[in-house]
>>> print(open('coords_25.cif').read())   # mmCIF, C-alpha atoms and all ligand atoms
data_target
#
loop_
_atom_site.group_PDB
_atom_site.id
_atom_site.type_symbol
_atom_site.label_atom_id
_atom_site.label_comp_id
_atom_site.auth_asym_id
_atom_site.auth_seq_id
_atom_site.Cartn_x
_atom_site.Cartn_y
_atom_site.Cartn_z
ATOM 1 C CA MET A 1 -20.056 -33.249 21.815
ATOM 2 C CA LEU A 2 -20.937 -34.033 18.230
ATOM 3 C CA ARG A 3 -23.697 -31.450 18.206
ATOM 4 C CA GLN A 4 -21.297 -28.856 19.552
ATOM 5 C CA PHE A 5 -18.798 -29.776 16.893
ATOM 6 C CA ILE A 6 -21.366 -29.497 14.127
ATOM 7 C CA ARG A 7 -22.556 -26.180 15.485
ATOM 8 C CA ALA A 8 -18.996 -24.819 15.608
ATOM 9 C CA THR A 9 -18.340 -26.043 12.073
ATOM 10 C CA LEU A 10 -21.508 -24.437 10.773
ATOM 11 C CA LEU A 11 -20.627 -21.169 12.461
ATOM 12 C CA LEU A 12 -17.186 -21.206 10.849
ATOM 13 C CA ALA A 13 -18.710 -21.931 7.444
ATOM 14 C CA ALA A 14 -21.207 -19.131 7.919
ATOM 15 C CA ALA A 15 -18.431 -16.730 8.898
ATOM 16 C CA ALA A 16 -16.470 -17.698 5.775
ATOM 17 C CA MET A 17 -19.522 -17.098 3.597
ATOM 18 C CA LEU A 18 -20.039 -13.719 5.190
ATOM 19 C CA GLN A 19 -16.532 -12.675 4.194
ATOM 20 C CA SER A 20 -17.791 -11.155 1.032
ATOM 21 C CA PHE A 21 -15.107 -8.494 0.721
ATOM 22 C CA THR A 22 -11.439 -9.288 0.171
ATOM 23 C CA LEU A 23 -8.784 -6.759 1.112
ATOM 24 C CA VAL A 24 -5.154 -7.156 0.092
ATOM 25 C CA ILE A 25 -2.646 -5.286 2.233
ATOM 26 C CA ASP A 26 0.743 -4.845 0.615
ATOM 27 C CA ALA A 27 3.674 -3.914 2.827
ATOM 28 C CA GLY A 28 6.145 -2.392 0.365
ATOM 29 C CA HIS A 29 9.707 -3.776 -0.041
ATOM 30 C CA GLY A 30 11.170 -6.501 2.218
ATOM 31 C CA GLY A 31 14.078 -8.931 2.431
ATOM 32 C CA LYS A 32 17.035 -7.822 0.289
ATOM 33 C CA ASP A 33 15.133 -4.653 -0.632
ATOM 34 C CA PRO A 34 15.084 -2.326 2.394
ATOM 35 C CA GLY A 35 13.304 0.518 0.587
ATOM 36 C CA ALA A 36 14.186 4.026 1.731
ATOM 37 C CA LEU A 37 16.666 4.391 4.591
ATOM 38 C CA GLY A 38 16.515 6.733 7.552
ATOM 39 C CA ARG A 39 19.147 7.322 10.192
ATOM 40 C CA ARG A 40 17.852 4.482 12.364
ATOM 41 C CA GLY A 41 15.050 2.814 10.470
ATOM 42 C CA LYS A 42 14.358 1.037 7.206
ATOM 43 C CA GLU A 43 11.258 1.612 5.124
ATOM 44 C CA LYS A 44 10.486 -2.109 4.798
ATOM 45 C CA ASN A 45 10.060 -2.493 8.577
ATOM 46 C CA ILE A 46 7.839 0.568 8.978
ATOM 47 C CA ASN A 47 5.636 -0.555 6.080
ATOM 48 C CA LEU A 48 5.282 -4.035 7.572
ATOM 49 C CA ALA A 49 4.481 -2.788 11.094
ATOM 50 C CA VAL A 50 1.714 -0.526 9.777
ATOM 51 C CA ALA A 51 0.399 -3.165 7.330
ATOM 52 C CA LEU A 52 0.089 -5.787 10.080
ATOM 53 C CA ALA A 53 -1.575 -3.282 12.422
ATOM 54 C CA VAL A 54 -4.122 -2.340 9.727
ATOM 55 C CA GLY A 55 -4.830 -6.027 9.102
ATOM 56 C CA ARG A 56 -5.345 -6.710 12.803
ATOM 57 C CA LEU A 57 -7.836 -3.839 13.106
ATOM 58 C CA VAL A 58 -9.771 -5.054 10.070
ATOM 59 C CA GLU A 59 -9.840 -8.651 11.291
ATOM 60 C CA GLU A 60 -10.959 -7.622 14.776
ATOM 61 C CA ASN A 61 -13.664 -5.210 13.666
ATOM 62 C CA LEU A 62 -14.900 -6.081 10.187
ATOM 63 C CA GLU A 63 -16.105 -9.679 10.256
ATOM 64 C CA ASP A 64 -17.134 -9.737 6.630
ATOM 65 C CA VAL A 65 -13.706 -8.718 5.326
ATOM 66 C CA LYS A 66 -11.095 -11.295 4.419
ATOM 67 C CA VAL A 67 -7.543 -9.961 4.785
ATOM 68 C CA ILE A 68 -4.722 -11.179 2.568
ATOM 69 C CA TYR A 69 -1.166 -9.920 2.971
ATOM 70 C CA THR A 70 1.437 -9.903 0.214
ATOM 71 C CA ARG A 71 3.973 -10.478 2.981
ATOM 72 C CA GLN A 72 3.749 -10.948 6.738
ATOM 73 C CA LYS A 73 7.460 -11.029 7.429
ATOM 74 C CA ASP A 74 10.751 -9.665 6.170
ATOM 75 C CA VAL A 75 10.875 -11.341 2.738
ATOM 76 C CA PHE A 76 11.408 -10.087 -0.812
ATOM 77 C CA VAL A 77 8.300 -10.226 -2.998
ATOM 78 C CA GLU A 78 8.445 -9.168 -6.646
ATOM 79 C CA LEU A 79 6.227 -6.274 -7.703
ATOM 80 C CA ASP A 80 4.250 -8.236 -10.275
ATOM 81 C CA GLU A 81 3.781 -11.076 -7.781
ATOM 82 C CA ARG A 82 2.206 -8.637 -5.304
ATOM 83 C CA ALA A 83 -0.347 -7.697 -7.941
ATOM 84 C CA ARG A 84 -0.881 -11.350 -8.903
ATOM 85 C CA ILE A 85 -1.681 -12.243 -5.286
ATOM 86 C CA ALA A 86 -4.497 -9.671 -5.378
ATOM 87 C CA ASN A 87 -5.741 -10.711 -8.820
ATOM 88 C CA ARG A 88 -5.754 -14.420 -7.941
ATOM 89 C CA ALA A 89 -7.773 -13.685 -4.804
ATOM 90 C CA LYS A 90 -10.215 -11.573 -6.874
ATOM 91 C CA ALA A 91 -9.698 -8.921 -4.242
ATOM 92 C CA ASP A 92 -12.042 -5.980 -3.897
ATOM 93 C CA LEU A 93 -9.362 -3.587 -2.733
ATOM 94 C CA PHE A 94 -5.569 -3.333 -2.834
ATOM 95 C CA VAL A 95 -3.720 -1.055 -0.436
ATOM 96 C CA SER A 96 0.032 -0.679 -0.784
ATOM 97 C CA ILE A 97 1.909 0.842 2.135
ATOM 98 C CA HIS A 98 5.173 2.757 1.680
ATOM 99 C CA THR A 99 7.346 5.381 3.307
ATOM 100 C CA ASN A 100 8.622 8.451 1.509
ATOM 101 C CA ALA A 101 12.149 9.813 1.218
ATOM 102 C CA LEU A 102 13.752 12.980 -0.082
ATOM 103 C CA PRO A 103 17.231 13.399 -1.512
ATOM 104 C CA GLY A 104 19.993 15.267 0.294
ATOM 105 C CA ARG A 105 19.021 17.588 3.091
ATOM 106 C CA ALA A 106 15.481 18.239 1.868
ATOM 107 C CA GLN A 107 12.886 18.040 4.627
ATOM 108 C CA GLY A 108 9.361 16.735 4.255
ATOM 109 C CA ARG A 109 6.427 16.262 6.573
ATOM 110 C CA GLY A 110 3.119 14.515 6.155
ATOM 111 C CA SER A 111 1.327 11.705 4.381
ATOM 112 C CA GLU A 112 0.150 11.381 0.796
ATOM 113 C CA THR A 113 -1.801 8.822 -1.193
ATOM 114 C CA TYR A 114 -1.380 7.868 -4.843
ATOM 115 C CA THR A 115 -3.640 6.303 -7.383
ATOM 116 C CA LEU A 116 -2.523 5.033 -10.742
ATOM 117 C CA GLY A 117 -2.221 7.603 -13.492
ATOM 118 C CA MET A 118 0.009 10.063 -15.240
ATOM 119 C CA HIS A 119 2.020 12.349 -12.961
ATOM 120 C CA ARG A 120 1.346 16.039 -13.311
ATOM 121 C CA ALA A 121 4.312 17.128 -11.240
ATOM 122 C CA ALA A 122 7.969 16.163 -11.208
ATOM 123 C CA ASP A 123 7.732 15.339 -7.484
ATOM 124 C CA ASN A 124 5.144 12.655 -8.164
ATOM 125 C CA LEU A 125 7.241 11.128 -10.926
ATOM 126 C CA ALA A 126 10.207 11.031 -8.534
ATOM 127 C CA VAL A 127 8.188 9.012 -6.011
ATOM 128 C CA ALA A 128 7.043 6.528 -8.671
ATOM 129 C CA LYS A 129 10.609 6.190 -10.000
ATOM 130 C CA ARG A 130 11.934 5.422 -6.544
ATOM 131 C CA GLU A 131 9.202 2.898 -5.743
ATOM 132 C CA ASN A 132 9.415 1.199 -9.157
ATOM 133 C CA SER A 133 13.209 0.932 -9.082
ATOM 134 C CA VAL A 134 12.922 -2.142 -6.832
ATOM 135 C CA ILE A 135 12.286 -4.231 -9.948
ATOM 136 C CA THR A 136 15.980 -3.913 -10.814
ATOM 137 C CA LEU A 137 16.561 -6.335 -7.911
ATOM 138 C CA GLU A 138 14.311 -8.893 -9.588
ATOM 139 C CA ARG A 139 15.481 -11.570 -11.995
ATOM 140 C CA ASP A 140 14.822 -10.893 -15.717
ATOM 141 C CA TYR A 141 13.067 -7.636 -14.949
ATOM 142 C CA GLN A 142 13.647 -6.315 -18.455
ATOM 143 C CA THR A 143 11.685 -9.212 -19.930
ATOM 144 C CA ARG A 144 9.070 -9.398 -17.206
ATOM 145 C CA TYR A 145 8.231 -5.722 -17.354
ATOM 146 C CA GLU A 146 8.532 -5.547 -21.140
ATOM 147 C CA GLY A 147 11.560 -3.281 -21.276
ATOM 148 C CA PHE A 148 10.200 -0.811 -18.740
ATOM 149 C CA ASP A 149 13.084 1.206 -17.325
ATOM 150 C CA PRO A 150 11.992 2.462 -13.903
ATOM 151 C CA ARG A 151 14.591 5.256 -13.936
ATOM 152 C CA SER A 152 13.850 6.681 -17.384
ATOM 153 C CA SER A 153 11.146 9.338 -17.643
ATOM 154 C CA GLU A 154 10.316 8.173 -21.188
ATOM 155 C CA SER A 155 9.122 4.819 -19.841
ATOM 156 C CA TYR A 156 6.341 6.598 -17.975
ATOM 157 C CA ILE A 157 4.616 7.772 -21.151
ATOM 158 C CA ILE A 158 2.723 4.453 -21.222
ATOM 159 C CA PHE A 159 0.779 5.623 -18.180
ATOM 160 C CA GLU A 160 -0.601 8.527 -20.181
ATOM 161 C CA LEU A 161 -2.320 6.212 -22.642
ATOM 162 C CA MET A 162 -3.687 3.892 -20.013
ATOM 163 C CA GLN A 163 -7.376 3.719 -19.157
ATOM 164 C CA ASP A 164 -7.924 2.803 -15.542
ATOM 165 C CA VAL A 165 -11.474 1.523 -15.119
ATOM 166 C CA ASN A 166 -11.102 1.643 -11.333
ATOM 167 C CA MET A 167 -9.933 5.250 -11.241
ATOM 168 C CA GLU A 168 -13.014 6.750 -9.619
ATOM 169 C CA GLN A 169 -13.168 4.247 -6.761
ATOM 170 C CA SER A 170 -9.423 4.396 -6.249
ATOM 171 C CA VAL A 171 -9.546 8.176 -5.905
ATOM 172 C CA ARG A 172 -12.457 7.878 -3.475
ATOM 173 C CA LEU A 173 -10.440 5.496 -1.314
ATOM 174 C CA ALA A 174 -7.346 7.731 -1.521
ATOM 175 C CA SER A 175 -9.398 10.775 -0.485
ATOM 176 C CA LEU A 176 -10.795 8.886 2.509
ATOM 177 C CA VAL A 177 -7.275 7.884 3.546
ATOM 178 C CA GLN A 178 -6.082 11.493 3.395
ATOM 179 C CA LYS A 179 -9.123 12.692 5.326
ATOM 180 C CA GLN A 180 -8.349 10.243 8.116
ATOM 181 C CA PHE A 181 -4.685 11.247 8.154
ATOM 182 C CA ARG A 182 -5.799 14.874 8.566
ATOM 183 C CA SER A 183 -8.030 13.884 11.488
ATOM 184 C CA ALA A 184 -5.045 12.138 13.055
ATOM 185 C CA GLY A 185 -3.113 15.415 12.838
ATOM 186 C CA ARG A 186 -0.854 14.444 9.949
ATOM 187 C CA PRO A 187 0.075 17.202 7.492
ATOM 188 C CA ASP A 188 -2.005 16.482 4.381
ATOM 189 C CA LYS A 189 0.170 16.101 1.286
ATOM 190 C CA GLY A 190 -2.854 15.275 -0.835
ATOM 191 C CA VAL A 191 -4.034 12.715 -3.367
ATOM 192 C CA HIS A 192 -1.881 12.344 -6.474
ATOM 193 C CA GLN A 193 -1.486 10.239 -9.573
ATOM 194 C CA ALA A 194 1.679 8.588 -10.822
ATOM 195 C CA GLY A 195 2.831 5.513 -12.701
ATOM 196 C CA PHE A 196 3.318 2.784 -10.115
ATOM 197 C CA LEU A 197 3.953 -0.662 -11.593
ATOM 198 C CA VAL A 198 2.379 -2.430 -8.623
ATOM 199 C CA LEU A 199 -0.886 -0.532 -9.146
ATOM 200 C CA ARG A 200 -0.834 -0.959 -12.909
ATOM 201 C CA ALA A 201 -0.958 -4.741 -12.642
ATOM 202 C CA THR A 202 -3.841 -4.951 -10.168
ATOM 203 C CA SER A 203 -7.361 -5.304 -11.546
ATOM 204 C CA MET A 204 -9.305 -3.745 -8.658
ATOM 205 C CA PRO A 205 -9.492 -0.314 -6.996
ATOM 206 C CA SER A 206 -6.122 0.379 -5.432
ATOM 207 C CA CYS A 207 -3.941 3.008 -3.886
ATOM 208 C CA LEU A 208 -0.396 3.458 -2.659
ATOM 209 C CA ILE A 209 0.141 5.290 0.612
ATOM 210 C CA GLU A 210 3.306 7.191 1.518
ATOM 211 C CA LEU A 211 3.092 7.300 5.308
ATOM 212 C CA GLY A 212 5.717 9.957 5.925
ATOM 213 C CA TYR A 213 9.339 10.938 5.340
ATOM 214 C CA ILE A 214 11.899 8.556 6.733
ATOM 215 C CA THR A 215 14.703 10.965 5.758
ATOM 216 C CA THR A 216 13.342 13.768 7.982
ATOM 217 C CA PRO A 217 14.405 13.052 11.597
ATOM 218 C CA ALA A 218 11.177 14.173 13.343
ATOM 219 C CA GLU A 219 9.148 12.152 10.869
ATOM 220 C CA GLU A 220 11.383 9.135 11.234
ATOM 221 C CA ASN A 221 10.962 9.250 15.011
ATOM 222 C CA TYR A 222 7.195 9.318 14.562
ATOM 223 C CA LEU A 223 7.202 6.483 12.007
ATOM 224 C CA LEU A 224 9.319 4.318 14.306
ATOM 225 C CA SER A 225 7.193 4.995 17.410
ATOM 226 C CA ASP A 226 4.340 2.798 18.646
ATOM 227 C CA ARG A 227 2.121 5.867 18.642
ATOM 228 C CA GLY A 228 2.952 6.650 15.012
ATOM 229 C CA VAL A 229 2.331 3.092 13.821
ATOM 230 C CA SER A 230 -0.931 2.905 15.742
ATOM 231 C CA GLU A 231 -2.254 6.305 14.563
ATOM 232 C CA LEU A 232 -1.373 5.657 10.932
ATOM 233 C CA ALA A 233 -2.887 2.159 11.028
ATOM 234 C CA GLN A 234 -6.068 3.475 12.697
ATOM 235 C CA ALA A 235 -6.427 6.121 9.985
ATOM 236 C CA ILE A 236 -5.995 3.619 7.146
ATOM 237 C CA TYR A 237 -8.383 1.182 8.818
ATOM 238 C CA GLN A 238 -11.073 3.872 9.230
ATOM 239 C CA ALA A 239 -10.709 4.833 5.570
ATOM 240 C CA ILE A 240 -11.133 1.204 4.465
ATOM 241 C CA ARG A 241 -14.182 0.826 6.720
ATOM 242 C CA LYS A 242 -15.792 3.936 5.272
ATOM 243 C CA TYR A 243 -14.915 2.963 1.710
ATOM 244 C CA LYS A 244 -16.516 -0.424 2.162
ATOM 245 C CA ASN A 245 -19.727 1.038 3.548
HETATM 246 ZN ZN ZN B 301 8.494 2.236 -0.952
#
>>> encode(input="coords_25.cif", output="C-alpha cells", more="lines below")
Ligand SMILES: [Zn+2]
Amino acid sequence: MLRQFIRATLLLAAAAMLQSFTLVIDAGHGGKDPGALGRRGKEKNINLAVALAVGRLVEENLEDVKVIYTRQKDVFVELDERARIANRAKADLFVSIHTNALPGRAQGRGSETYTLGMHRAADNLAVAKRENSVITLERDYQTRYEGFDPRSSESYIIFELMQDVNMEQSVRLASLVQKQFRSAGRPDKGVHQAGFLVLRATSMPSCLIELGYITTPAEENYLLSDRGVSELAQAIYQAIRKYKN
C-alpha cells in the first residue's frame, strides 16, 4: 500500500514538473457584463463555453501544459485582473476569447484574431472600443486605467507609441488560429492589430479571438450550437498545439 502511495505521489510530482508550459485561457466578459447581445444568446456564455472546451482539449491531450482560466463560471472579472492572473502565473501564452457584434442591421460572418497594436482601420478600432468599454463597469476605472477613456479615439494614440516585445510570437499564434478556423470552414476575417487593454497589460505572447458575429442570426445559431462550440474550440486547440511545438 505504502509503495503504491509513494509511486502515485512520485508520478504526480513528475507530471507537475513536466508541465513546463502555462496557458491562460480568458473567457471574455461575465457576471454583470454580458458582452455583446444576440437575439437569443449572450457573448459571455459563448466565450465561456468555447474557453472551457479549449481547456478540456488541452488538458486531455497536452500533458505538459498547465491550463489556468481567468474565469470558469459566470462571474465578473476586471480587465486588469485578467492580465494579472496571467502575469502572476508567469504564463507562456494568453488567449482571450470573445464574440463580435455589428451595429444596426449590418451582417458579418467569420472569425478574426487580434494582437496588440495600433489599428490601421476604423473597423478594428471599433472592436477594441467595444471590448475595452467593459472597464466602465469597474470601480475607479479612471484611476486604475490612468484616465484611459475606452470610447474616445484619442485615448488609443498610446498604442501607437507602444513597443510590444512579444509582437512576433503573438502574430504567429494569431496566424495559426486563423489557419485552423479556415480549415474548419469558417470565413477568414484575418489577423489584425488594435489597442486592447487586456492584451496591453499581459507580459507574454497573447491574442484576442473574435469567434463570430452574435448579431448575425446564422452566425448566432452556429455560435450557440454544440457543433459550433466544438469546431471553434478544436481549431483554437490545434493552433495552440502547433504554436507550442
Ligand atoms: Zn467581448
>>> residues_near_ligand(input="coords_25.cif", ligand="ligand ZN 301 (chain B)", cutoff="9 Å", atoms="only C-alpha atoms and all ligand atoms", output="list in words")
Ala27, Gly28, His29, Pro34, Gly35, Ala36, Glu43, Lys44, Asn47, Ser96, Ile97, His98, Thr99, Asn100, Ala101, Val127, Ala128, Arg130, Glu131, Asn132, Val134 and Glu210 of chain A
>>> residues_around(input="coords_25.cif", residues="A:Ala86", least_positions_apart="5", cutoff="12 Å", atoms="only C-alpha atoms", output="list of chain:residue names")
A:Thr22, A:Leu23, A:Val24, A:Ile25, A:Asp26, A:Lys66, A:Val67, A:Ile68, A:Tyr69, A:Thr70, A:Arg71, A:Leu79, A:Asp80, A:Glu81, A:Ala91, A:Asp92, A:Leu93, A:Phe94, A:Val95, A:Ser96, A:Val198, A:Leu199, A:Ala201, A:Thr202, A:Ser203, A:Met204, A:Pro205, A:Ser206
>>> residues_near_point(input="coords_25.cif", point="(7.3, 16.3, -6.8)", cutoff="12 Å", atoms="all atoms listed in the file", output="ChimeraX atom specification")
/A:100-103,108,112,119-130,189-190,192-194
>>> atom_distance(input="coords_25.cif", atom1="atom CA of A:Ala106", atom2="atom CA of A:Glu220")
13.7 Å
>>> resolve_selection(input="coords_25.cif", expression="the PyMOL selection byres (((chain A and resi 41) around 10) and not hetatm)", output="compact mmCIF listing (two decimals) with C-alpha atoms, keeping the file's coordinate frame")
# COMPACT_ATOMS: atom_id res chain seq x y z
CA PRO A 34 15.08 -2.33 2.39
CA ALA A 36 14.19 4.03 1.73
CA LEU A 37 16.67 4.39 4.59
CA GLY A 38 16.52 6.73 7.55
CA ARG A 39 19.15 7.32 10.19
CA ARG A 40 17.85 4.48 12.36
CA LYS A 42 14.36 1.04 7.21
CA GLU A 43 11.26 1.61 5.12
CA LYS A 44 10.49 -2.11 4.80
CA ASN A 45 10.06 -2.49 8.58
CA ILE A 46 7.84 0.57 8.98
CA ILE A 214 11.90 8.56 6.73
CA THR A 215 14.70 10.96 5.76
CA GLU A 220 11.38 9.14 11.23
CA ASN A 221 10.96 9.25 15.01
CA LEU A 223 7.20 6.48 12.01
CA LEU A 224 9.32 4.32 14.31
>>> decode(input="coords_25.cif", residues="stretch 3-37 of chain A", atoms="N, CA and C atoms", output="mmCIF file, in the first residue's frame")
data_model
loop_
_atom_site.group_PDB
_atom_site.id
_atom_site.type_symbol
_atom_site.label_atom_id
_atom_site.label_comp_id
_atom_site.auth_asym_id
_atom_site.auth_seq_id
_atom_site.Cartn_x
_atom_site.Cartn_y
_atom_site.Cartn_z
ATOM 1 N N ARG A 3 3.985 1.525 -0.770
ATOM 2 C CA ARG A 3 4.778 1.640 -2.000
ATOM 3 C C ARG A 3 3.934 2.201 -3.141
ATOM 4 N N GLN A 4 2.688 1.720 -3.184
ATOM 5 C CA GLN A 4 1.776 2.228 -4.225
ATOM 6 C C GLN A 4 1.539 3.727 -4.055
ATOM 7 N N PHE A 5 1.374 4.093 -2.799
ATOM 8 C CA PHE A 5 1.129 5.509 -2.500
ATOM 9 C C PHE A 5 2.323 6.366 -2.924
ATOM 10 N N ILE A 6 3.502 5.894 -2.567
ATOM 11 C CA ILE A 6 4.716 6.644 -2.920
ATOM 12 C C ILE A 6 4.858 6.745 -4.440
ATOM 13 N N ARG A 7 4.572 5.637 -5.097
ATOM 14 C CA ARG A 7 4.680 5.609 -6.552
ATOM 15 C C ARG A 7 3.714 6.631 -7.174
ATOM 16 N N ALA A 8 2.465 6.614 -6.671
ATOM 17 C CA ALA A 8 1.455 7.541 -7.194
ATOM 18 C C ALA A 8 1.880 8.988 -6.955
ATOM 19 N N THR A 9 2.423 9.237 -5.758
ATOM 20 C CA THR A 9 2.858 10.593 -5.422
ATOM 21 C C THR A 9 3.985 11.050 -6.336
ATOM 22 N N LEU A 10 4.930 10.142 -6.557
ATOM 23 C CA LEU A 10 6.057 10.474 -7.438
ATOM 24 C C LEU A 10 5.582 10.759 -8.856
ATOM 25 N N LEU A 11 4.623 9.957 -9.304
ATOM 26 C CA LEU A 11 4.098 10.168 -10.659
ATOM 27 C C LEU A 11 3.445 11.539 -10.779
ATOM 28 N N LEU A 12 2.686 11.902 -9.736
ATOM 29 C CA LEU A 12 2.017 13.213 -9.742
ATOM 30 C C LEU A 12 3.051 14.334 -9.763
ATOM 31 N N ALA A 13 4.109 14.176 -8.958
ATOM 32 C CA ALA A 13 5.152 15.189 -8.899
ATOM 33 C C ALA A 13 5.849 15.306 -10.252
ATOM 34 N N ALA A 14 6.080 14.151 -10.869
ATOM 35 C CA ALA A 14 6.737 14.151 -12.172
ATOM 36 C C ALA A 14 5.861 14.848 -13.203
ATOM 37 N N ALA A 15 4.558 14.565 -13.134
ATOM 38 C CA ALA A 15 3.626 15.191 -14.087
ATOM 39 C C ALA A 15 3.636 16.701 -13.906
ATOM 40 N N ALA A 16 3.677 17.154 -12.641
ATOM 41 C CA ALA A 16 3.682 18.591 -12.362
ATOM 42 C C ALA A 16 4.946 19.246 -12.917
ATOM 43 N N MET A 17 6.080 18.510 -12.770
ATOM 44 C CA MET A 17 7.341 19.059 -13.264
ATOM 45 C C MET A 17 7.348 19.150 -14.782
ATOM 46 N N LEU A 18 6.665 18.186 -15.395
ATOM 47 C CA LEU A 18 6.606 18.170 -16.855
ATOM 48 C C LEU A 18 5.772 19.317 -17.417
ATOM 49 N N GLN A 19 4.903 19.872 -16.573
ATOM 50 C CA GLN A 19 4.039 20.954 -17.055
ATOM 51 C C GLN A 19 4.848 22.230 -17.174
ATOM 52 N N SER A 20 5.621 22.258 -18.220
ATOM 53 C CA SER A 20 6.592 23.328 -18.374
ATOM 54 C C SER A 20 6.014 24.524 -19.116
ATOM 55 N N PHE A 21 4.794 24.402 -19.583
ATOM 56 C CA PHE A 21 4.202 25.469 -20.396
ATOM 57 C C PHE A 21 2.864 25.853 -19.770
ATOM 58 N N THR A 22 2.705 27.126 -19.464
ATOM 59 C CA THR A 22 1.456 27.569 -18.835
ATOM 60 C C THR A 22 0.626 28.390 -19.811
ATOM 61 N N LEU A 23 -0.612 27.955 -19.977
ATOM 62 C CA LEU A 23 -1.545 28.609 -20.894
ATOM 63 C C LEU A 23 -2.667 29.251 -20.078
ATOM 64 N N VAL A 24 -2.912 30.531 -20.312
ATOM 65 C CA VAL A 24 -4.055 31.171 -19.666
ATOM 66 C C VAL A 24 -5.159 31.363 -20.701
ATOM 67 N N ILE A 25 -6.331 30.833 -20.381
ATOM 68 C CA ILE A 25 -7.487 30.986 -21.267
ATOM 69 C C ILE A 25 -8.458 31.964 -20.618
ATOM 70 N N ASP A 26 -8.764 33.007 -21.349
ATOM 71 C CA ASP A 26 -9.569 34.112 -20.825
ATOM 72 C C ASP A 26 -10.909 34.171 -21.554
ATOM 73 N N ALA A 27 -11.960 33.747 -20.870
ATOM 74 C CA ALA A 27 -13.300 33.878 -21.438
ATOM 75 C C ALA A 27 -13.779 35.310 -21.197
ATOM 76 N N GLY A 28 -13.921 36.084 -22.243
ATOM 77 C CA GLY A 28 -14.276 37.493 -22.119
ATOM 78 C C GLY A 28 -15.621 37.719 -21.429
ATOM 79 N N HIS A 29 -15.713 38.850 -20.698
ATOM 80 C CA HIS A 29 -16.947 39.295 -20.023
ATOM 81 C C HIS A 29 -17.360 38.324 -18.904
ATOM 82 N N GLY A 30 -18.618 38.407 -18.455
ATOM 83 C CA GLY A 30 -19.080 37.531 -17.377
ATOM 84 C C GLY A 30 -19.783 38.310 -16.278
ATOM 85 N N GLY A 31 -20.672 37.644 -15.566
ATOM 86 C CA GLY A 31 -21.410 38.268 -14.472
ATOM 87 C C GLY A 31 -22.258 39.425 -14.976
ATOM 88 N N LYS A 32 -22.094 40.602 -14.335
ATOM 89 C CA LYS A 32 -22.921 41.765 -14.697
ATOM 90 C C LYS A 32 -22.614 42.305 -16.089
ATOM 91 N N ASP A 33 -21.539 41.830 -16.680
ATOM 92 C CA ASP A 33 -21.155 42.276 -18.032
ATOM 93 C C ASP A 33 -21.438 41.161 -19.044
ATOM 94 N N PRO A 34 -22.565 41.268 -19.771
ATOM 95 C CA PRO A 34 -22.922 40.183 -20.692
ATOM 96 C C PRO A 34 -22.113 40.197 -21.986
ATOM 97 N N GLY A 35 -21.412 41.308 -22.266
ATOM 98 C CA GLY A 35 -20.766 41.434 -23.574
ATOM 99 C C GLY A 35 -21.810 41.736 -24.633
ATOM 100 N N ALA A 36 -21.530 41.363 -25.863
ATOM 101 C CA ALA A 36 -22.468 41.639 -26.959
ATOM 102 C C ALA A 36 -23.704 40.737 -26.833
ATOM 103 N N LEU A 37 -24.843 41.267 -27.310
ATOM 104 C CA LEU A 37 -26.094 40.516 -27.194
ATOM 105 C C LEU A 37 -26.615 40.117 -28.572
#
